[in-house]
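A.B. asks: Here's a structure for you.
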Protein chains: 2
Amino acid sequence: MTTHRIAVIGGTGPQGKGLGYRFARHGHSVVLGSRAVEKAATVAAQVAERLDGVEGAGEVSGAANADACDGADVVLLAVPYEGHDELVATLPLAGRVVVSCVNPLAFDKAGPYGRVVDGGEGSAAESAQRIAPEAQVVGAFHHVSAPVLWGDREFLSDEDVLVCGDSAEAKQVVIELARCVTGRDGVDAGRLRLARQLEPLTAVLISINKRYKTHSGVRISGI
Amino acid sequence: MTTHRIAVIGGTGPQGKGLGYRFARHGHSVVLGSRAVEKAATVAAQVAERLDGVEGAGEVSGAANADACDGADVVLLAVPYEGHDELVATLPLAGRVVVSCVNPLAFDKAGPYGRVVDGGEGSAAESAQRIAPEAQVVGAFHHVSAPVLWGDREFLSDEDVLVCGDSAEAKQVVIELARCVTGRDGVDAGRLRLARQLEPLTAVLISINKRYKTHSGVRISGI
C-alpha cells in the first residue's frame, strides 16, 4: 500500500482526530491541523500515545491548519460547514488530493436536516473544488461516526465508505485509504456532485441514532 | 399482522409491480392502479399468476389509478416524478396512509443526480403532503430495486427500508409493511422532510449499479 502524508484540517475535532488515528494506525504519516497550534500538539500527542507500540504505525504531529499542508499529498477537510469556505481559501491545496468529509447540517426542534448549499445545486465538496480549482477534491468519510472511529474495534467492518469525485486517480487514493477504516476498499459512488446526496444523508443517520440510541452507519448491499 | 388493502398508484411500472407483488405475497390485498385500466388488469393477472399456490397470499386486481383507492387504507405512490403533483391532485387520499417511494432524479452524460425540489427545501413526499393535507404521508421503499423486488429471493435480507414521516401512527404501518420486503421492520429514519435526503440517494445507488454492474441497496449498520 502507498503510504501518504495526510494533513487533517480540523484535526482536533472528533471526526478529524478519529480519522487521523485510523490513518496513522495503518502506516500513514498524519499532521493534525488546528487554528490553535498548542491544541494541535496536545491532541497529536494523545493520538500518538494511543499508537505507542502499534507496529508500523505512522508518525502523528500537530500544526497550524495551513502549515499542516506542508509536504502533505493528501489533505482531509474535517471542519464544520460554518466558516468552511473562508478556511479552505486560506489553505495551499493546489496539486493535492483533498478529501472532504464536511456535512452541511442544521438542527431545529424537529431534529437534524440538510442545509441547502447553492440552491440545492452544490455541496461542501463542490465548494472546496471551486475555491481550489487546482486541487483534486474527493468526498468521503461523511457517515463514519466519531465515537466509533476513536473506539476499540479494529475495523468498522459493517460499514462502507462512499467515495465520490471527478478525478479517477484521486478517487482511487481515497478508495484505498478507506481500508484503514473499514478494512476494505471504499465504494466508488460516482461524480463529485453526488456529494450533494452523501453529505446531508448524515442528517438521517443522526436522526436514526437519536431514535435507536446507537451510532449508525451505512452499508451498501449487492456489491 | 394487520392486513391492509393497498392501492399501488403506478402499479404497472416496475417498482409498483414489484412492491405490489411483495405485499400480496404476505397477505395484503393489492389493487394495481394505472392510467390504462386494461394494462392494470393485465399486470394484475401476471402478479396473481405468480402468487398462484402461495399460501395466504392476498388478492391482486387492477383498476384506474383513482378507482384503485376505493376502500384502500394504504395508497402507495410509485409514479415518476414527472407529472407527480398533477396526478396526486386527482387522487382521493384524505384519511389514508400514503406511502411515497417517488425519486425525483435527472440524468445527463455525467450520470444520475437528484433533482432540486422547491429550491432544495422540498421533496416528492412533502409535495404529496402539501397537495393532500388530510392524508398521512410517509416516505419509504426508495432504494429497493425493481428487478430484485420481482426476483426470486424470499426477502431482501441485506437491505433496509428507510421510513420517514411526521405521523408516528402512519410510519408504524409502513415500518411493518417493510417486513414483506426485507423480512424485518423498516428503519424509522425520522421526520418527513428527511425525504429530501432519502429520495435523491437513489442517484448514488444507480451510479454504483453502473460502476459495479449490480443492483445495490442500502443497509443501516449499528441497529
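Letters for chains follow the order of the C-alpha cells (A, B, ...), residue numbers begin at 1 for each chain, and ligand numbers begin at 1 in the order shown.
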Write out chain A, as a compact mmCIF listing (two decimals) with C-alpha atoms, in the first residue's frame, after superposing it onto chain B by least squares using every C-alpha atom paired in order.

C.D. replies:
# COMPACT_ATOMS: atom_id res chain seq x y z
CA MET A 1 -50.05 -8.71 11.43
CA THR A 2 -52.73 -6.26 10.31
CA THR A 3 -53.82 -6.91 6.74
CA HIS A 4 -54.21 -3.84 4.57
CA ARG A 5 -55.91 -3.01 1.34
CA ILE A 6 -53.16 -1.30 -0.63
CA ALA A 7 -53.66 0.76 -3.76
CA VAL A 8 -50.47 1.01 -5.83
CA ILE A 9 -50.62 4.12 -7.98
CA GLY A 10 -48.37 3.50 -10.96
CA GLY A 11 -48.76 -0.18 -10.19
CA THR A 12 -47.87 -1.35 -13.67
CA GLY A 13 -44.41 0.23 -13.54
CA PRO A 14 -41.54 -1.98 -12.37
CA GLN A 15 -41.29 -0.51 -8.85
CA GLY A 16 -45.05 -0.58 -8.21
CA LYS A 17 -45.48 -4.05 -9.64
CA GLY A 18 -42.58 -5.41 -7.59
CA LEU A 19 -43.79 -3.87 -4.32
CA GLY A 20 -47.40 -4.91 -5.01
CA TYR A 21 -46.18 -8.45 -5.56
CA ARG A 22 -44.29 -8.47 -2.24
CA PHE A 23 -47.25 -7.03 -0.31
CA ALA A 24 -49.76 -9.50 -1.78
CA ARG A 25 -47.36 -12.35 -1.16
CA HIS A 26 -47.65 -11.59 2.54
CA GLY A 27 -51.42 -11.44 2.69
CA HIS A 28 -52.28 -7.87 1.83
CA SER A 29 -54.98 -7.15 -0.71
CA VAL A 30 -53.46 -5.15 -3.57
CA VAL A 31 -55.02 -3.07 -6.32
CA LEU A 32 -52.59 -2.07 -9.05
CA GLY A 33 -53.56 1.29 -10.47
CA SER A 34 -52.71 2.61 -13.92
CA ARG A 35 -53.84 5.32 -16.27
CA ALA A 36 -54.88 2.49 -18.56
CA VAL A 37 -57.38 0.10 -16.92
CA GLU A 38 -56.64 -2.69 -19.37
CA LYS A 39 -52.94 -2.55 -18.65
CA ALA A 40 -53.67 -2.63 -14.91
CA ALA A 41 -55.76 -5.76 -15.37
CA THR A 42 -53.06 -7.44 -17.45
CA VAL A 43 -50.28 -6.75 -14.96
CA ALA A 44 -52.53 -7.71 -12.01
CA ALA A 45 -53.19 -11.05 -13.71
CA GLN A 46 -49.44 -11.51 -14.15
CA VAL A 47 -48.81 -10.89 -10.44
CA ALA A 48 -51.74 -13.09 -9.41
CA GLU A 49 -50.37 -15.88 -11.57
CA ARG A 50 -47.03 -15.66 -9.80
CA LEU A 51 -48.83 -15.92 -6.46
CA ASP A 52 -50.94 -18.88 -7.52
CA GLY A 53 -50.45 -21.56 -4.89
CA VAL A 54 -48.73 -19.25 -2.40
CA GLU A 55 -50.47 -19.90 0.89
CA GLY A 56 -52.07 -16.87 2.47
CA ALA A 57 -51.40 -14.57 -0.47
CA GLY A 58 -53.76 -11.62 -0.85
CA GLU A 59 -55.87 -10.83 -3.87
CA VAL A 60 -54.43 -8.73 -6.68
CA SER A 61 -56.59 -6.75 -9.07
CA GLY A 62 -56.22 -3.82 -11.45
CA ALA A 63 -58.04 -0.51 -11.75
CA ALA A 64 -57.72 3.05 -12.97
CA ASN A 65 -55.47 4.98 -10.59
CA ALA A 66 -58.20 6.94 -8.78
CA ASP A 67 -60.52 3.92 -8.61
CA ALA A 68 -57.72 1.84 -7.08
CA CYS A 69 -58.02 3.99 -3.96
CA ASP A 70 -61.63 2.82 -3.32
CA GLY A 71 -61.61 1.05 0.03
CA ALA A 72 -57.83 1.20 0.33
CA ASP A 73 -56.42 2.24 3.72
CA VAL A 74 -52.89 2.49 2.28
CA VAL A 75 -52.01 4.17 -1.01
CA LEU A 76 -48.54 3.68 -2.43
CA LEU A 77 -47.32 6.33 -4.88
CA ALA A 78 -44.99 4.55 -7.29
CA VAL A 79 -45.03 7.02 -10.13
CA PRO A 80 -42.39 9.01 -11.99
CA TYR A 81 -41.69 12.46 -10.57
CA GLU A 82 -42.62 13.95 -13.93
CA GLY A 83 -46.32 14.77 -13.60
CA HIS A 84 -46.36 13.63 -9.96
CA ASP A 85 -48.05 16.68 -8.47
CA GLU A 86 -50.80 16.78 -11.10
CA LEU A 87 -51.55 13.08 -10.63
CA VAL A 88 -51.58 13.26 -6.82
CA ALA A 89 -54.09 16.11 -7.02
CA THR A 90 -56.57 13.78 -8.79
CA LEU A 91 -56.46 11.06 -6.11
CA PRO A 92 -58.80 10.66 -3.11
CA LEU A 93 -56.13 10.47 -0.40
CA ALA A 94 -57.78 12.08 2.65
CA GLY A 95 -57.64 9.92 5.76
CA ARG A 96 -55.31 7.37 4.18
CA VAL A 97 -51.75 6.36 4.81
CA VAL A 98 -49.95 7.48 1.67
CA VAL A 99 -46.54 5.94 1.02
CA SER A 100 -44.29 7.79 -1.41
CA CYS A 101 -41.38 5.95 -3.00
CA VAL A 102 -41.03 8.61 -5.67
CA ASN A 103 -37.47 9.55 -6.62
CA PRO A 104 -37.02 12.95 -8.27
CA LEU A 105 -33.95 12.19 -10.38
CA ALA A 106 -32.41 13.51 -13.52
CA PHE A 107 -29.74 12.15 -15.84
CA ASP A 108 -27.18 13.69 -18.12
CA LYS A 109 -23.96 12.46 -19.72
CA ALA A 110 -22.26 12.56 -16.29
CA GLY A 111 -24.85 10.17 -14.89
CA PRO A 112 -27.74 10.40 -12.44
CA TYR A 113 -28.30 13.18 -9.94
CA GLY A 114 -30.99 14.42 -7.62
CA ARG A 115 -33.46 16.97 -8.93
CA VAL A 116 -33.85 20.07 -6.81
CA VAL A 117 -37.39 20.22 -5.44
CA ASP A 118 -38.65 23.55 -4.09
CA GLY A 119 -35.20 25.12 -4.06
CA GLY A 120 -33.77 22.24 -2.05
CA GLU A 121 -36.36 22.64 0.70
CA GLY A 122 -38.81 20.05 -0.54
CA SER A 123 -39.24 16.51 -1.78
CA ALA A 124 -41.83 14.49 -3.67
CA ALA A 125 -43.19 13.17 -0.35
CA GLU A 126 -43.56 16.69 1.05
CA SER A 127 -45.25 17.81 -2.17
CA ALA A 128 -47.78 14.98 -1.81
CA GLN A 129 -48.43 16.01 1.80
CA ARG A 130 -48.97 19.61 0.75
CA ILE A 131 -51.35 18.60 -2.06
CA ALA A 132 -53.24 16.15 0.19
CA PRO A 133 -53.11 17.76 3.64
CA GLU A 134 -55.59 15.28 5.12
CA ALA A 135 -53.51 12.27 4.12
CA GLN A 136 -50.77 10.88 6.37
CA VAL A 137 -47.78 10.83 4.05
CA VAL A 138 -44.80 8.59 4.70
CA GLY A 139 -41.65 8.23 2.57
CA ALA A 140 -40.27 4.69 2.14
CA PHE A 141 -39.09 2.00 -0.30
CA HIS A 142 -37.00 4.47 -2.32
CA HIS A 143 -33.93 2.25 -2.54
CA VAL A 144 -35.18 -1.26 -3.25
CA SER A 145 -34.55 -2.05 -6.88
CA ALA A 146 -37.34 -3.23 -9.12
CA PRO A 147 -35.57 -6.32 -10.56
CA VAL A 148 -34.74 -7.51 -7.05
CA LEU A 149 -38.34 -6.97 -5.89
CA TRP A 150 -39.63 -9.02 -8.79
CA GLY A 151 -36.84 -11.56 -8.34
CA ASP A 152 -36.86 -14.92 -6.61
CA ARG A 153 -35.24 -14.11 -3.25
CA GLU A 154 -37.73 -14.59 -0.44
CA PHE A 155 -36.53 -11.47 1.39
CA LEU A 156 -34.10 -8.67 0.60
CA SER A 157 -32.49 -9.52 3.91
CA ASP A 158 -29.32 -7.50 3.36
CA GLU A 159 -31.22 -4.26 2.75
CA ASP A 160 -33.15 -1.86 4.96
CA VAL A 161 -36.29 0.08 4.19
CA LEU A 162 -35.85 3.62 5.50
CA VAL A 163 -39.14 5.16 6.60
CA CYS A 164 -39.72 8.86 7.25
CA GLY A 165 -42.87 10.69 8.21
CA ASP A 166 -44.49 13.11 10.62
CA SER A 167 -47.30 10.79 11.75
CA ALA A 168 -45.97 8.16 14.16
CA GLU A 169 -49.05 6.03 13.55
CA ALA A 170 -48.73 6.05 9.75
CA LYS A 171 -45.01 5.47 9.99
CA GLN A 172 -45.61 2.39 12.14
CA VAL A 173 -47.92 0.95 9.45
CA VAL A 174 -45.15 1.31 6.88
CA ILE A 175 -42.42 0.06 9.23
CA GLU A 176 -44.46 -3.15 9.48
CA LEU A 177 -45.17 -3.29 5.73
CA ALA A 178 -41.41 -3.29 5.19
CA ARG A 179 -41.39 -6.81 6.61
CA CYS A 180 -42.91 -8.00 3.33
CA VAL A 181 -39.77 -6.83 1.57
CA THR A 182 -36.81 -7.32 3.90
CA GLY A 183 -38.27 -9.79 6.40
CA ARG A 184 -37.97 -7.32 9.25
CA ASP A 185 -39.20 -3.92 10.39
CA GLY A 186 -38.33 -0.84 8.39
CA VAL A 187 -35.97 1.67 9.99
CA ASP A 188 -37.56 4.78 11.47
CA ALA A 189 -35.49 7.46 9.76
CA GLY A 190 -37.24 10.46 11.31
CA ARG A 191 -39.33 13.34 10.00
CA LEU A 192 -40.96 13.58 6.59
CA ARG A 193 -38.60 16.35 5.50
CA LEU A 194 -35.74 13.82 5.53
CA ALA A 195 -37.29 12.51 2.31
CA ARG A 196 -35.16 15.33 0.82
CA GLN A 197 -32.20 13.11 1.63
CA LEU A 198 -33.71 9.67 1.02
CA GLU A 199 -35.18 10.34 -2.43
CA PRO A 200 -32.05 11.53 -4.27
CA LEU A 201 -29.83 8.95 -2.56
CA THR A 202 -31.19 6.70 -5.29
CA ALA A 203 -28.96 8.61 -7.72
CA VAL A 204 -25.95 7.33 -5.76
CA LEU A 205 -27.23 3.75 -5.92
CA ILE A 206 -27.81 3.99 -9.68
CA SER A 207 -24.29 5.33 -10.05
CA ILE A 208 -22.95 2.41 -8.01
CA ASN A 209 -25.03 -0.04 -10.05
CA LYS A 210 -23.47 1.23 -13.24
CA ARG A 211 -19.93 1.13 -11.85
CA TYR A 212 -20.19 -2.32 -10.23
CA LYS A 213 -22.78 -3.86 -12.60
CA THR A 214 -25.10 -4.81 -9.76
CA HIS A 215 -28.38 -3.90 -8.07
CA SER A 216 -27.20 -2.17 -4.93
CA GLY A 217 -29.22 -1.35 -1.87
CA VAL A 218 -28.81 0.35 1.49
CA ARG A 219 -28.28 -1.25 4.86
CA ILE A 220 -28.04 0.66 8.11
CA SER A 221 -25.38 -0.69 10.44
CA GLY A 222 -25.42 -0.35 14.20
CA ILE A 223 -29.12 -1.03 14.84

A.B. asks: Please, which residues of segment 83-184 of chain A, numbered as in this document, come out strand (DSSP E or B) from DSSP, as a list in words?

C.D. replies: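 Everything in segment 83-184 of chain A that counts as strand (DSSP E or B) is Val97, Val98, Val99, Ser100, Leu105, Ala106, Phe107, Asp108, Gly111, Pro112, Tyr113, Gly114, Gln136, Val137, Val138, Gly139, Leu162, Val163, Cys164 and Gly165 of chain A.
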
A.B. asks: Go ahead and save the picked residues with all heavy atoms, as a short mmCIF file (atom, residue, chain, number, x, y, z; two decimals), in the first residue's frame.

C.D. replies:
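Below you can see selection.cif, which holds the result:
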data_model
loop_
_atom_site.label_atom_id
_atom_site.label_comp_id
_atom_site.auth_asym_id
_atom_site.auth_seq_id
_atom_site.Cartn_x
_atom_site.Cartn_y
_atom_site.Cartn_z
N VAL A 97 -4.51 15.86 -3.32
CA VAL A 97 -5.80 15.18 -3.17
C VAL A 97 -6.46 15.74 -1.93
O VAL A 97 -5.90 15.66 -0.83
CB VAL A 97 -5.61 13.65 -3.02
CG1 VAL A 97 -6.95 12.97 -2.72
CG2 VAL A 97 -4.98 13.06 -4.28
N VAL A 98 -7.61 16.35 -2.10
CA VAL A 98 -8.32 16.96 -0.97
C VAL A 98 -9.58 16.13 -0.69
O VAL A 98 -10.42 15.96 -1.58
CB VAL A 98 -8.69 18.42 -1.29
CG1 VAL A 98 -9.59 19.00 -0.21
CG2 VAL A 98 -7.42 19.25 -1.43
N VAL A 99 -9.67 15.61 0.51
CA VAL A 99 -10.81 14.76 0.89
C VAL A 99 -11.73 15.56 1.78
O VAL A 99 -11.33 16.00 2.85
CB VAL A 99 -10.35 13.50 1.63
CG1 VAL A 99 -11.51 12.53 1.77
CG2 VAL A 99 -9.16 12.85 0.94
N SER A 100 -12.97 15.75 1.35
CA SER A 100 -13.94 16.48 2.16
C SER A 100 -14.89 15.50 2.83
O SER A 100 -15.56 14.71 2.17
CB SER A 100 -14.74 17.44 1.29
OG SER A 100 -15.81 17.99 2.03
N LEU A 105 -25.05 20.59 7.82
CA LEU A 105 -26.29 20.20 8.50
C LEU A 105 -26.81 21.36 9.33
O LEU A 105 -26.08 22.28 9.69
CB LEU A 105 -26.03 19.02 9.44
CG LEU A 105 -25.48 17.74 8.82
CD1 LEU A 105 -25.31 16.68 9.90
CD2 LEU A 105 -26.40 17.24 7.71
N ALA A 106 -28.07 21.30 9.62
CA ALA A 106 -28.66 22.24 10.56
C ALA A 106 -29.59 21.46 11.48
O ALA A 106 -29.96 20.32 11.19
CB ALA A 106 -29.42 23.33 9.81
N PHE A 107 -29.94 22.07 12.59
CA PHE A 107 -30.79 21.42 13.58
C PHE A 107 -31.85 22.40 14.05
O PHE A 107 -31.56 23.58 14.22
CB PHE A 107 -29.95 20.98 14.79
CG PHE A 107 -28.89 19.97 14.46
CD1 PHE A 107 -27.68 20.37 13.91
CD2 PHE A 107 -29.10 18.61 14.68
CE1 PHE A 107 -26.69 19.44 13.60
CE2 PHE A 107 -28.13 17.67 14.36
CZ PHE A 107 -26.92 18.09 13.81
N ASP A 108 -33.05 21.90 14.25
CA ASP A 108 -34.05 22.70 14.95
C ASP A 108 -34.82 21.75 15.86
O ASP A 108 -34.41 20.59 16.05
CB ASP A 108 -34.95 23.46 13.96
CG ASP A 108 -35.74 22.53 13.04
OD1 ASP A 108 -35.88 21.32 13.36
OD2 ASP A 108 -36.24 23.00 12.00
N GLY A 111 -35.34 18.26 14.81
CA GLY A 111 -34.19 17.40 14.57
C GLY A 111 -33.25 17.91 13.51
O GLY A 111 -33.29 19.08 13.13
N PRO A 112 -32.38 17.02 13.01
CA PRO A 112 -31.37 17.43 12.04
C PRO A 112 -31.93 17.46 10.62
O PRO A 112 -32.87 16.74 10.31
CB PRO A 112 -30.32 16.32 12.17
CG PRO A 112 -31.11 15.12 12.57
CD PRO A 112 -32.26 15.61 13.40
N TYR A 113 -31.36 18.27 9.79
CA TYR A 113 -31.71 18.27 8.37
C TYR A 113 -30.54 18.83 7.55
O TYR A 113 -29.62 19.44 8.10
CB TYR A 113 -33.00 19.06 8.11
CG TYR A 113 -32.97 20.52 8.48
CD1 TYR A 113 -32.78 21.50 7.51
CD2 TYR A 113 -33.12 20.92 9.81
CE1 TYR A 113 -32.75 22.85 7.85
CE2 TYR A 113 -33.09 22.28 10.15
CZ TYR A 113 -32.90 23.23 9.17
OH TYR A 113 -32.86 24.56 9.51
N GLY A 114 -30.59 18.56 6.27
CA GLY A 114 -29.51 19.01 5.41
C GLY A 114 -29.63 20.49 5.08
O GLY A 114 -30.73 20.96 4.78
N GLN A 136 -7.50 18.21 -6.38
CA GLN A 136 -8.38 17.12 -6.83
C GLN A 136 -9.27 16.76 -5.64
O GLN A 136 -8.85 16.02 -4.74
CB GLN A 136 -7.54 15.93 -7.26
CG GLN A 136 -6.65 16.25 -8.47
CD GLN A 136 -5.72 15.11 -8.78
OE1 GLN A 136 -4.90 14.70 -7.94
NE2 GLN A 136 -5.85 14.55 -9.98
N VAL A 137 -10.48 17.27 -5.65
CA VAL A 137 -11.35 17.11 -4.48
C VAL A 137 -12.18 15.82 -4.59
O VAL A 137 -12.73 15.50 -5.65
CB VAL A 137 -12.28 18.33 -4.31
CG1 VAL A 137 -13.23 18.12 -3.13
CG2 VAL A 137 -11.46 19.61 -4.09
N VAL A 138 -12.23 15.12 -3.49
CA VAL A 138 -12.98 13.87 -3.36
C VAL A 138 -13.85 14.00 -2.12
O VAL A 138 -13.41 14.55 -1.11
CB VAL A 138 -12.00 12.68 -3.21
CG1 VAL A 138 -12.73 11.39 -2.88
CG2 VAL A 138 -11.15 12.52 -4.47
N GLY A 139 -15.08 13.50 -2.17
CA GLY A 139 -15.94 13.46 -0.99
C GLY A 139 -15.94 12.05 -0.41
O GLY A 139 -16.08 11.08 -1.17
N LEU A 162 -18.33 5.68 1.32
CA LEU A 162 -18.77 6.07 -0.03
C LEU A 162 -17.88 7.21 -0.52
O LEU A 162 -17.70 8.20 0.18
CB LEU A 162 -20.23 6.50 0.02
CG LEU A 162 -21.19 5.37 0.38
CD1 LEU A 162 -22.59 5.90 0.69
CD2 LEU A 162 -21.26 4.37 -0.75
N VAL A 163 -17.33 7.04 -1.71
CA VAL A 163 -16.33 7.96 -2.24
C VAL A 163 -16.81 8.55 -3.56
O VAL A 163 -17.13 7.81 -4.50
CB VAL A 163 -15.00 7.21 -2.47
CG1 VAL A 163 -13.92 8.18 -2.94
CG2 VAL A 163 -14.54 6.47 -1.22
N CYS A 164 -16.89 9.88 -3.63
CA CYS A 164 -17.29 10.49 -4.91
C CYS A 164 -16.25 11.51 -5.35
O CYS A 164 -15.58 12.13 -4.52
CB CYS A 164 -18.67 11.14 -4.78
SG CYS A 164 -18.74 12.55 -3.68
N GLY A 165 -16.09 11.65 -6.63
CA GLY A 165 -15.11 12.60 -7.15
C GLY A 165 -15.04 12.56 -8.65
O GLY A 165 -15.51 11.61 -9.28
#

A.B. asks: List every residue of segment 33-168 of chain A that DSSP, applied to the backbone of this structure, places in alpha helix (DSSP H), and write the result as a VMD selection string.

C.D. replies: chain A and resid 37 to 51 65 to 68 84 to 89 124 to 131 146 to 149 168
